[in-house]
Each structure stands twice: as C-alpha cells, then as structure tokens.
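*Asks:* There's a structure below that I have some questions on.
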Amino acid sequence: MTEPAGDRVAAAPEVLFSEQGASWLWVLAGPAAGVAMAMIQLSAGYGIQWMVPGLFLVLVSGFLAVQV
C-alpha cells in the first residue's frame, strides 16, 4: 500500500519441479517390439500371426508417445 501502483513488478512464479522429457526416438521401440515378437514367432516354427506383432507395435508406440 505504500508503493505506487506503477512501481510493482510481477514476480515470476517459483519453479518447484522441472523435467526435460524424453526423445521422440523412444517411440521407435514400438516397431522394434513388433519385429522382435515376429522373430520370436518365426523361431518357434509356427509362422507369423500378424495380430500379435501389430498389437505390440501399437501398444508400445502409444504408451511411449504419451510419456514423451
């Protein structure tokens, strides 16, 4: 109340927590997981059932994209 209204400077809020975040390169782990699952299926001798590698690709990529 003793300072004139024009002399007030808005103080920046104090930063309590800061996180840099991850790289978008991590999203490539989704296709890598899909390829790895396809290789596991091939090594078992049953051929590739595309639903499982595709599901791994979508889920891993999706969860990592949310976290980035």
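Order determines the names: the first chain of the structure tokens is A, the second B, and so forth; residues in each chain are numbered 1 upward, and ligands are numbered 1 upward as they are shown.
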Tell me which protein, DNA and RNA residues are within 12 Å of Val66 of chain A, counting only C-alpha atoms, leaving out same-chain ones fewer than 5 positions away, and put them as a tab-separated table (two decimals) with N, CA and C atoms, in the first residue's frame.

*Replies:*
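Printed below is part38.tsv as written:
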chain	number	residue	atom	x	y	z
A	21	GLY	N	12.15	-34.33	-20.16
A	21	GLY	CA	11.36	-35.20	-21.01
A	21	GLY	C	12.24	-36.11	-21.85
A	22	ALA	N	11.60	-36.99	-22.56
A	22	ALA	CA	12.33	-37.97	-23.36
A	22	ALA	C	12.39	-37.54	-24.82
A	23	SER	N	13.15	-38.26	-25.57
A	23	SER	CA	13.28	-38.01	-27.00
A	23	SER	C	12.20	-38.78	-27.76
A	24	TRP	N	11.75	-38.23	-28.89
A	24	TRP	CA	10.77	-38.92	-29.72
A	24	TRP	C	11.36	-40.18	-30.33
A	26	TRP	N	12.44	-42.61	-28.78
A	26	TRP	CA	11.97	-43.75	-27.99
A	26	TRP	C	10.73	-44.39	-28.58
A	27	VAL	N	9.95	-43.64	-29.37
A	27	VAL	CA	8.73	-44.20	-29.96
A	27	VAL	C	9.07	-45.31	-30.95
A	59	LEU	N	0.66	-50.78	-29.12
A	59	LEU	CA	0.63	-50.51	-27.67
A	59	LEU	C	1.92	-49.86	-27.17
A	60	VAL	N	3.06	-50.41	-27.56
A	60	VAL	CA	4.34	-49.86	-27.09
A	60	VAL	C	4.53	-48.45	-27.64
A	61	SER	N	4.25	-48.25	-28.93
A	61	SER	CA	4.39	-46.91	-29.50
A	61	SER	C	3.43	-45.92	-28.84

*Asks:* Set the distance at 10 Å and use only C-alpha atoms: which residues neighbour Leu25 of chain A once local chain neighbours fewer than 4 positions away are removed? I'd like the list as a list in words.

*Replies:*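 My reading of the contact set: Ala29, Leu64, Ala65 and Val68 of chain A.
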
*Asks:* Write down as a PDB file with C-alpha atoms, in the first residue's frame the residues belonging to segment 25-57 of chain A that are assigned alpha helix (DSSP H) by DSSP computed on the backbone.

*Replies:*
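Below is the file that was written, out_26.pdb:
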ATOM      1  CA  ALA A  29      10.764 -49.008 -29.628  1.00  0.00           C
ATOM      2  CA  GLY A  30       7.215 -49.885 -30.757  1.00  0.00           C
ATOM      3  CA  PRO A  31       8.231 -51.124 -34.208  1.00  0.00           C
ATOM      4  CA  ALA A  32      11.274 -52.807 -32.638  1.00  0.00           C
ATOM      5  CA  ALA A  33       8.969 -54.661 -30.228  1.00  0.00           C
ATOM      6  CA  GLY A  34       6.765 -55.739 -33.134  1.00  0.00           C
ATOM      7  CA  VAL A  35       9.739 -57.030 -35.128  1.00  0.00           C
ATOM      8  CA  ALA A  36      11.103 -58.828 -32.057  1.00  0.00           C
ATOM      9  CA  MET A  37       7.750 -60.517 -31.480  1.00  0.00           C
ATOM     10  CA  ALA A  38       7.595 -61.565 -35.152  1.00  0.00           C
ATOM     11  CA  MET A  39      11.095 -63.055 -34.877  1.00  0.00           C
ATOM     12  CA  ILE A  40      10.082 -64.969 -31.750  1.00  0.00           C
ATOM     13  CA  GLN A  41       7.086 -66.380 -33.616  1.00  0.00           C
ATOM     14  CA  LEU A  42       9.255 -67.353 -36.597  1.00  0.00           C
ATOM     15  CA  SER A  43      11.803 -69.069 -34.362  1.00  0.00           C
ATOM     16  CA  ALA A  44       9.014 -71.144 -32.810  1.00  0.00           C
ATOM     17  CA  MET A  51      -2.124 -59.588 -34.818  1.00  0.00           C
ATOM     18  CA  VAL A  52       0.383 -60.088 -32.003  1.00  0.00           C
ATOM     19  CA  PRO A  53       3.324 -58.124 -33.515  1.00  0.00           C
ATOM     20  CA  GLY A  54       0.884 -55.442 -34.663  1.00  0.00           C
ATOM     21  CA  LEU A  55      -0.595 -55.200 -31.187  1.00  0.00           C
ATOM     22  CA  PHE A  56       2.871 -54.867 -29.658  1.00  0.00           C
ATOM     23  CA  LEU A  57       3.763 -52.165 -32.189  1.00  0.00           C
TER      24      LEU A  57
END

*Asks:* When you draw a straight line from atom CA of Tyr46 of chain A to atom CA of Phe63 of chain A, how long is it in Å?

*Replies:* 28.6 Å
